[in-house]
Amino acid sequence: MQEPLLVIENLQTAISSPRGLMPVIDRLNLTLEAGETLGLIGESGSGKTMTGMAIMDLLPKPQVQITGGRLIFQGQDLLRLTPRERQRLRGARISMIFQDPMASLSPFYTIGSQIAEAIHVHQYLGHRETRRRVCELLDDVGITEPERRMRLFPHQMSGGMRQRVMIAMALAHEPDLLIADEPTTALDVTIQDQILKLLAQKLAVRPTMSLLLVSHNWGVIAALCQRVAVMYAGRLVEEGRLDKLSSAPAHPYTQGLLDSIPDWDHPTAGLLPSLPGQAPALSATRRTRCDFLDRCSARISRCHTEAVPWHSLPEGHGVRCHLQALSGSLSQQEGFGP
Amino acid sequence: MLKRRLFFSAPSPDSTSWQDLSSPSFSMRIFHALKSRPSNSIAAIYLLVLAALCFSSGLFVPYAWDEIHFVSEATGPSWQHWFGIDDLGRDLFSRVLYGGRISLSVGLMSTSVSVLIGISYGAIAGYFGGTIDRWMMRLVDVLYCLPYYFVIVLVMVLFSIDSLYLLFVVLALFQWLGMARIIRGQVLSLKEQEFVLALRGMGASHARIVFRHMVPNTLGIASVYATLMVPGVMMQEAFLSFIGIPFTVLGTDGVHKPVASWGSLLSEGARYFDTAPWLLIFPAFFFSTTLLAIHFLGDGLRDALDPSLKV
């Protein structure tokens, strides 16, 4: 079998604060095959964006540190590379699309010259050739009349257009791994749909390109991803195929996430269910008990005392929950209520 | 009904002229700023004419700035010598134009050098932040504290150089400090914007981000500050000349002579003000009107380039 494109092994990160290092991501393990699309879902502060940033080497340096683990991309450990070598990978082999297309383009240059810059950072092309390539890239992301639009400044474009430009820049060097960090959060719903379709189309055109999609929106992930990894409080709580996870979630948190999505076919009476409480605050020491304990409706006595191991299930499915040791699958249990 | 018609009659993107949509370039904004107020355009024209006269004066003035006419004493304006003759028998008209050349060059040269240093230094300090920033800005603070008129005199004594080029350098060495502070402050806020992260994400180096993205974004403020720096430098040169620090240049006859800048002309004029007032009046008039014009220009630029001040 071909080696995976990206292996995240026991990745640990910490924020340095006056009270010492506060661990954020705790022993994260993920594997991304070439051509695979993986969705990373979780609420704010769960460490999903930080994972993307760690792969890109864009973590704000003194404040956030990688304290352990390996990031193996195409067989080499990214964390052993020099900053120079990481820079050479960025934008060429690994690209990233950011959340806010309004702020991600420099206000001072036309979008044409910014795309040209994205090309020139890694590859020198002559003036004429650059121009042709910029037009081609703009055309590829569905911007009509590229010859004229490349002369526009970012503030003259709509959010959707700008996100298209960002995608064009990210794809300029045909990367092997595309990290999309909430690519649609800042856009309105109709534009979100267009951008997701555009990404899906780009993925279809280049079957070897992998996508790591970071989002808190199940719908966005479901539109693009084959596999989903659910993060909670810096840990992976469940991972598996999208269809498996959405039909038979094994972790109460995943279940809670799915329950809070409105279902038009079977509307719930009254309020939409939501998870009570908040994710635990950062602390200098990790507790041994389950992170999700306080919000979990299915907790049992050992959740309070024992660290939760990772349970591997068939078909690449895995979950971090004590209930898994008790029964095969949670979906077989009758309900989740207390 | 009316509403609907209004809605549909809104111009479609295709019918809009793309020229109208594209924002005015940096130079166009400056041009409009100068045109928008009469005081600005008058100032700009005055400066251009004066600079042209000063820098081409060698071509048309009948006498060299250091040529001595043997007359018994300083004489007032006449048809032969428009601005009169100074105590050593030199034509004041030639000297004023020549002095303008020196003063304007001092202002422009020192300003450009200090703009170059100040922008790069400030942008680097602001962008990298942390320890680099702390040490770089402490150096600026230390230099700020030096009483630099004394430093200039000291440098001249130590190296026994009195060349005008030294003046360019020394003035610039102290002028860039303010520029560095302003640019650093700008870059500090600019680098937090997401496009910097996006640039890092596409593999841009720090150098590229600093010099292609941070620096151009601060040019508006830098150009205003630089314009206001020119008269400051000219004043300092005038002050140094006035207190009698002898900067020399190569004269037309190949001998090093005390420079005839506006500052030194003022200094000489002040000495003979009771007997030959024209020696003070003519240089003072050109010096002060030039400073005034540059200040007008600076204010105009600030209005044009700083959106927060727009009325």
# chains A, B, ... in the order shown; residues from 1 in each chain; ligands from 1
$ interface_residues --of "chain A" --to "chain B" --cutoff "8 Å" --atoms "only C-alpha atoms" --output "ChimeraX atom specification"
/A:56,58,87-92,95-98,100,103-106,108,118,121-122,151-153,156,169-170
$ select_by_dssp --residues "segment 114-203 of chain A" --states "helix (DSSP H, G or I)" --output "ChimeraX atom specification"
/A:114-120,127-140,146-149,154-156,159-170,189-203
$ closest_residue --among "A:Asp181, A:Glu85, A:Asp291, A:Asp26" --to "Thr305 of chain A" --atoms "only C-alpha atoms"
A:Asp291
$ residues_around --residues "Ala233 of chain A" --least-positions-apart "6" --cutoff "8 Å" --atoms "only C-alpha atoms" --output "count of residues only"
8
$ residues_around --residues "Pro309 of chain A" --least-positions-apart "2" --cutoff "8 Å" --atoms "only C-alpha atoms" --output "ChimeraX atom specification"
/A:307,311,320-322
$ write_last_selection --atoms "N, CA and C atoms" --output "short mmCIF file (atom, residue, chain, number, x, y, z; two decimals), in the first residue's frame"
data_model
loop_
_atom_site.label_atom_id
_atom_site.label_comp_id
_atom_site.auth_asym_id
_atom_site.auth_seq_id
_atom_site.Cartn_x
_atom_site.Cartn_y
_atom_site.Cartn_z
N ALA A 307 -8.76 7.58 33.06
CA ALA A 307 -8.45 8.18 31.77
C ALA A 307 -9.12 7.36 30.68
N HIS A 311 -10.60 3.56 21.62
CA HIS A 311 -11.12 2.25 21.19
C HIS A 311 -11.20 2.22 19.68
N ARG A 320 -13.09 7.70 21.61
CA ARG A 320 -12.50 7.81 22.93
C ARG A 320 -13.65 7.94 23.93
N CYS A 321 -14.18 6.79 24.38
CA CYS A 321 -15.31 6.83 25.31
C CYS A 321 -15.36 5.52 26.09
N HIS A 322 -15.62 5.61 27.39
CA HIS A 322 -15.70 4.41 28.22
C HIS A 322 -16.88 3.52 27.84
#
$ residues_around --residues "Gly52 of chain A" --least-positions-apart "5" --cutoff "8 Å" --atoms "only C-alpha atoms" --output "list in words"
Ile179, Asp181, Leu212 and Val214 of chain A
$ write_last_selection --atoms "C-alpha atoms" --output "mmCIF file, in the first residue's frame"
data_model
loop_
_atom_site.group_PDB
_atom_site.id
_atom_site.type_symbol
_atom_site.label_atom_id
_atom_site.label_comp_id
_atom_site.auth_asym_id
_atom_site.auth_seq_id
_atom_site.Cartn_x
_atom_site.Cartn_y
_atom_site.Cartn_z
ATOM 1 C CA ILE A 179 -5.851 22.871 4.308
ATOM 2 C CA ASP A 181 -9.691 26.552 7.654
ATOM 3 C CA LEU A 212 -7.983 18.800 5.365
ATOM 4 C CA VAL A 214 -11.376 22.465 9.364
#
$ residues_around --residues "Leu297 of chain B" --least-positions-apart "6" --cutoff "8 Å" --atoms "only C-alpha atoms" --output "list in words"
Leu34, Asn40, Ala43, Ala44 and Thr227 of chain B
$ write_last_selection --atoms "C-alpha atoms" --output "mmCIF file, in the first residue's frame"
data_model
loop_
_atom_site.group_PDB
_atom_site.id
_atom_site.type_symbol
_atom_site.label_atom_id
_atom_site.label_comp_id
_atom_site.auth_asym_id
_atom_site.auth_seq_id
_atom_site.Cartn_x
_atom_site.Cartn_y
_atom_site.Cartn_z
ATOM 1 C CA LEU B 34 -2.555 69.286 -4.633
ATOM 2 C CA ASN B 40 -1.554 73.577 -2.159
ATOM 3 C CA ALA B 43 2.794 76.114 -2.929
ATOM 4 C CA ALA B 44 3.651 73.319 -5.344
ATOM 5 C CA THR B 227 7.520 66.380 3.525
#
$ residues_around --residues "Gly112 of chain A" --least-positions-apart "4" --cutoff "10 Å" --atoms "only C-alpha atoms" --output "CSV table (one decimal) with C-alpha atoms, in the first residue's frame"
chain,number,residue,atom,x,y,z
A,116,ALA,CA,1.3,36.7,-9.5
A,117,GLU,CA,3.1,37.0,-6.2
A,118,ALA,CA,1.8,33.6,-5.1
A,130,THR,CA,2.8,35.0,-15.4
A,131,ARG,CA,-0.1,37.0,-16.9
A,134,VAL,CA,-2.9,34.3,-13.5
A,135,CYS,CA,-5.7,34.4,-16.1
A,138,LEU,CA,-8.8,33.0,-12.2
A,146,PRO,CA,-10.0,37.4,-15.8
A,147,GLU,CA,-8.1,39.9,-18.0
A,148,ARG,CA,-10.1,42.7,-16.6
A,149,ARG,CA,-10.8,41.5,-13.1
A,150,MET,CA,-7.1,40.9,-12.3
A,151,ARG,CA,-6.8,44.6,-12.3
A,152,LEU,CA,-9.3,45.0,-9.5
A,153,PHE,CA,-8.3,45.7,-5.9
A,154,PRO,CA,-9.7,43.4,-3.2
A,165,VAL,CA,-9.1,34.4,-5.5
$ closest_residue --among "B:Ile42, B:Ile124, B:Leu279, B:Ile209" --to "Leu88 of chain B" --atoms "only C-alpha atoms"
B:Leu279
$ select_by_dssp --residues "segment 41-82 of chain A" --states "strand (DSSP E or B)" --output "list in words"
Ile41, Val64, Gln65, Ile66, Thr67, Gly68, Gly69, Arg70, Leu71, Ile72, Phe73, Gln76 and Asp77 of chain A
$ atom_distance --atom1 "atom CA of Gly99 of chain B" --atom2 "atom CA of Tyr148 of chain B"
23.7 Å
